[in-house]
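Colleague: What follows is a structure written as structure tokens; I'll ask about it next.
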Amino acid sequence: MKRILTYLLISTLLWASSAHAWTQRFVERGVGNFDHFQLWMNGSDRFEVPVGIDRFSKKKAGWQQTFNDGRLLVADGAPVNKLFFRLRFAGSKKKPISFVFQAWSGNTLVDDATVTWNPLLKGSKRWNIVSGSNWIKTRISNSSQMAVPEPSGFLLAGLGLLMLALVRRQSWRHAMTNHARV
């Protein structure tokens, strides 16, 4: 029984760590200075959690992800006019996605675009960036957001606790059986 429980626990952990994710490098430039990004994933698509944006080219400017709940992604740093960064997407690269990208300079919106990925198209046509979006035109501050744990995290924690309880129960039964024989 212990072998089965150990196998089940290990396979659960391997399944959770092998979830599909993929990345894409982007650059923001040509809109003047900006100090804030906010990205909103459309539909059921998600950014990778906990890190959805990383590898900023301006390390001295202190750029970093400041909020990510899977749908909303926020990054801030010192004002720059060009910045390379990497987005991390949850799910399969074979599925189309769409998200809104906004760049802000203080409280002024300097770039607003809808970005789509269509894996059925070939080459550079897979990415389509259209100026403008129907999303809010308000800068989102980090303090106004609250992180919500992922359901899969709760599932893994629950399975782990269940496994520990089963192993402990089996150990207790085994100890009681051996005690009764004495």
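Following the order of the structure tokens, first chain is A, next is B, and so on, with residues numbered from 1 inside each chain and ligands from 1 in the order they appear.
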Please provide as a list in words all residues within 10 Å of A:Trp135, with the sequence filter that same-chain residues fewer than 6 positions apart are discarded (counting only C-alpha atoms).

Modeller: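 Non-adjacent residues within range: Leu39, Trp40, Asn42, Phe99, Val100, Phe101, Gln102, Asp112, Ala113 and Thr114 of chain A.
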
Colleague: Take the residues from that selection and put them in a file with C-alpha atoms, as a PDB file, in the first residue's frame.

Modeller:
ATOM      1  CA  LEU A  39      -1.645  43.326 -19.431  1.00  0.00           C
ATOM      2  CA  TRP A  40      -5.090  41.738 -19.341  1.00  0.00           C
ATOM      3  CA  ASN A  42      -8.846  37.870 -22.721  1.00  0.00           C
ATOM      4  CA  PHE A  99      -4.426  39.929 -24.441  1.00  0.00           C
ATOM      5  CA  VAL A 100      -4.507  43.702 -23.990  1.00  0.00           C
ATOM      6  CA  PHE A 101      -1.201  45.513 -23.488  1.00  0.00           C
ATOM      7  CA  GLN A 102      -0.993  49.003 -22.014  1.00  0.00           C
ATOM      8  CA  ASP A 112      -2.818  50.604 -25.838  1.00  0.00           C
ATOM      9  CA  ALA A 113      -2.970  47.503 -28.038  1.00  0.00           C
ATOM     10  CA  THR A 114      -4.689  44.158 -28.458  1.00  0.00           C
TER      11      THR A 114
END

Colleague: Skip A:Arg46 itself and residues of its chain fewer than 2 positions away, then list as a PyMOL selection string all residues within 9 Å of it, counting only C-alpha atoms.

Modeller: chain A and resi 41-44+48-49+69-72+89-91+97

Colleague: Could you turn the residues from that selection into a file that holds N, CA and C atoms, as an mmCIF file, in the first residue's frame?

Modeller:
data_model
loop_
_atom_site.group_PDB
_atom_site.id
_atom_site.type_symbol
_atom_site.label_atom_id
_atom_site.label_comp_id
_atom_site.auth_asym_id
_atom_site.auth_seq_id
_atom_site.Cartn_x
_atom_site.Cartn_y
_atom_site.Cartn_z
ATOM 1 N N MET A 41 -5.381 39.386 -19.866
ATOM 2 C CA MET A 41 -5.611 38.239 -20.734
ATOM 3 C C MET A 41 -7.100 38.116 -21.027
ATOM 4 N N ASN A 42 -7.449 38.026 -22.303
ATOM 5 C CA ASN A 42 -8.846 37.870 -22.721
ATOM 6 C C ASN A 42 -9.275 36.410 -22.606
ATOM 7 N N GLY A 43 -10.563 36.189 -22.419
ATOM 8 C CA GLY A 43 -11.117 34.830 -22.401
ATOM 9 C C GLY A 43 -10.591 34.003 -21.255
ATOM 10 N N SER A 44 -10.398 32.719 -21.515
ATOM 11 C CA SER A 44 -9.951 31.799 -20.467
ATOM 12 C C SER A 44 -8.438 31.626 -20.462
ATOM 13 N N GLU A 48 1.481 32.680 -17.012
ATOM 14 C CA GLU A 48 2.081 31.746 -16.069
ATOM 15 C C GLU A 48 2.138 32.407 -14.684
ATOM 16 N N VAL A 49 1.807 31.643 -13.638
ATOM 17 C CA VAL A 49 1.838 32.128 -12.262
ATOM 18 C C VAL A 49 2.877 31.293 -11.519
ATOM 19 N N ASP A 69 -2.075 37.624 -11.258
ATOM 20 C CA ASP A 69 -3.052 36.639 -10.785
ATOM 21 C C ASP A 69 -3.442 35.674 -11.902
ATOM 22 N N GLY A 70 -2.671 35.675 -12.987
ATOM 23 C CA GLY A 70 -2.966 34.803 -14.118
ATOM 24 C C GLY A 70 -3.678 35.533 -15.242
ATOM 25 N N ARG A 71 -4.608 36.408 -14.899
ATOM 26 C CA ARG A 71 -5.316 37.203 -15.921
ATOM 27 C C ARG A 71 -4.741 38.607 -16.028
ATOM 28 N N LEU A 72 -4.465 39.226 -14.899
ATOM 29 C CA LEU A 72 -3.913 40.578 -14.868
ATOM 30 C C LEU A 72 -2.442 40.506 -14.487
ATOM 31 N N PHE A 89 3.387 32.333 -20.847
ATOM 32 C CA PHE A 89 1.982 31.969 -21.030
ATOM 33 C C PHE A 89 1.729 30.555 -20.500
ATOM 34 N N ALA A 90 0.626 30.377 -19.790
ATOM 35 C CA ALA A 90 0.218 29.052 -19.325
ATOM 36 C C ALA A 90 -0.553 28.384 -20.461
ATOM 37 N N GLY A 91 -0.481 27.087 -20.534
ATOM 38 C CA GLY A 91 -1.220 26.373 -21.576
ATOM 39 C C GLY A 91 -0.355 26.040 -22.773
ATOM 40 N N ILE A 97 -4.329 32.775 -28.421
ATOM 41 C CA ILE A 97 -4.536 33.597 -27.233
ATOM 42 C C ILE A 97 -4.719 35.050 -27.652
#

Colleague: Tell me which protein, DNA and RNA residues are within 12 Å of A:Val74, counting only C-alpha atoms, leaving out same-chain ones fewer than 4 positions away, and put them as a PDB file with C-alpha atoms, in the first residue's frame.

Modeller:
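See out-v5.pdb below for the written result:
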ATOM      1  CA  ASP A  35       7.167  53.405 -16.261  1.00  0.00           C
ATOM      2  CA  HIS A  36       4.274  50.945 -15.991  1.00  0.00           C
ATOM      3  CA  PHE A  37       2.846  47.979 -17.962  1.00  0.00           C
ATOM      4  CA  GLN A  38      -0.498  46.324 -17.437  1.00  0.00           C
ATOM      5  CA  LEU A  39      -1.645  43.326 -19.431  1.00  0.00           C
ATOM      6  CA  TRP A  40      -5.090  41.738 -19.341  1.00  0.00           C
ATOM      7  CA  MET A  41      -5.611  38.239 -20.734  1.00  0.00           C
ATOM      8  CA  PHE A  47      -0.264  34.095 -17.909  1.00  0.00           C
ATOM      9  CA  VAL A  51       6.100  34.706 -12.786  1.00  0.00           C
ATOM     10  CA  GLY A  52       4.330  35.980 -15.907  1.00  0.00           C
ATOM     11  CA  ILE A  53       6.821  38.620 -17.046  1.00  0.00           C
ATOM     12  CA  ASP A  54      10.587  38.618 -16.574  1.00  0.00           C
ATOM     13  CA  TRP A  63      11.851  46.859 -13.725  1.00  0.00           C
ATOM     14  CA  GLN A  64      10.012  43.969 -12.133  1.00  0.00           C
ATOM     15  CA  GLN A  65       6.670  42.214 -12.069  1.00  0.00           C
ATOM     16  CA  THR A  66       4.602  43.727  -9.271  1.00  0.00           C
ATOM     17  CA  PHE A  67       1.333  41.779  -9.640  1.00  0.00           C
ATOM     18  CA  ASN A  68       0.148  38.604 -11.371  1.00  0.00           C
ATOM     19  CA  ASP A  69      -3.052  36.639 -10.785  1.00  0.00           C
ATOM     20  CA  GLY A  70      -2.966  34.803 -14.118  1.00  0.00           C
ATOM     21  CA  LEU A  87       6.041  37.012 -21.292  1.00  0.00           C
ATOM     22  CA  VAL A 100      -4.507  43.702 -23.990  1.00  0.00           C
ATOM     23  CA  PHE A 101      -1.201  45.513 -23.488  1.00  0.00           C
ATOM     24  CA  GLN A 102      -0.993  49.003 -22.014  1.00  0.00           C
ATOM     25  CA  ALA A 103       2.073  51.150 -21.267  1.00  0.00           C
ATOM     26  CA  TRP A 104       1.799  54.143 -18.961  1.00  0.00           C
ATOM     27  CA  ARG A 139      -3.786  52.821 -14.482  1.00  0.00           C
ATOM     28  CA  ILE A 140      -4.023  49.925 -12.032  1.00  0.00           C
ATOM     29  CA  SER A 141      -2.012  50.325  -8.872  1.00  0.00           C
ATOM     30  CA  ASN A 142      -0.530  47.262  -7.205  1.00  0.00           C
ATOM     31  CA  SER A 143      -2.159  47.990  -3.870  1.00  0.00           C
ATOM     32  CA  SER A 144      -5.647  47.870  -5.400  1.00  0.00           C
ATOM     33  CA  GLN A 145      -5.174  44.232  -6.396  1.00  0.00           C
TER      34      GLN A 145
END

Colleague: Which neighbours of A:Arg25 fall inside 8 Å, counting only C-alpha atoms, when residues of the same chain fewer than 3 positions from it are skipped, and could you give them as a list of chain:residue names?

Modeller: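 So the residues in contact are A:Phe84, A:Phe85, A:Arg86, A:Leu87.
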
Colleague: Taking into account only C-alpha atoms, which residue in the set A:Asn81, A:Thr138, A:Ser98, A:Ser131 is nearest to A:Asp111?

Modeller: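 Closest candidate: A:Ser131.
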
Colleague: So, with only C-alpha atoms as the atoms that count, which of A:Lys122, A:Arg29, A:Arg169, A:Arg55 lies closest to A:Val80?

Modeller: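 Under the stated criterion, the closest residue is A:Arg29.
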
Colleague: What is the atom CA of A:Lys137-atom CA of A:Phe56 distance in Å, reported with one decimal?

Modeller: 24.3 Å

Colleague: Rounded to one decimal, what separation in Å do you get between atom CA of A:Ser124 and atom CA of A:Lys59?

Modeller: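 Computed distance, atom CA of A:Ser124 to atom CA of A:Lys59, equals 28.1 Å.
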
Colleague: Find the residues around A:Asn118 up to 12 Å (only C-alpha atoms counted), leave out those fewer than 6 positions away in its own chain, and share them as a PyMOL selection string.

Modeller: chain A and resi 92-98+124-129

Colleague: If I take atom CA of A:Ala61 and atom CA of A:Val130, how far is one from the other in Å, to one decimal?

Modeller: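 Separation between atom CA of A:Ala61 and atom CA of A:Val130: 27.9 Å.
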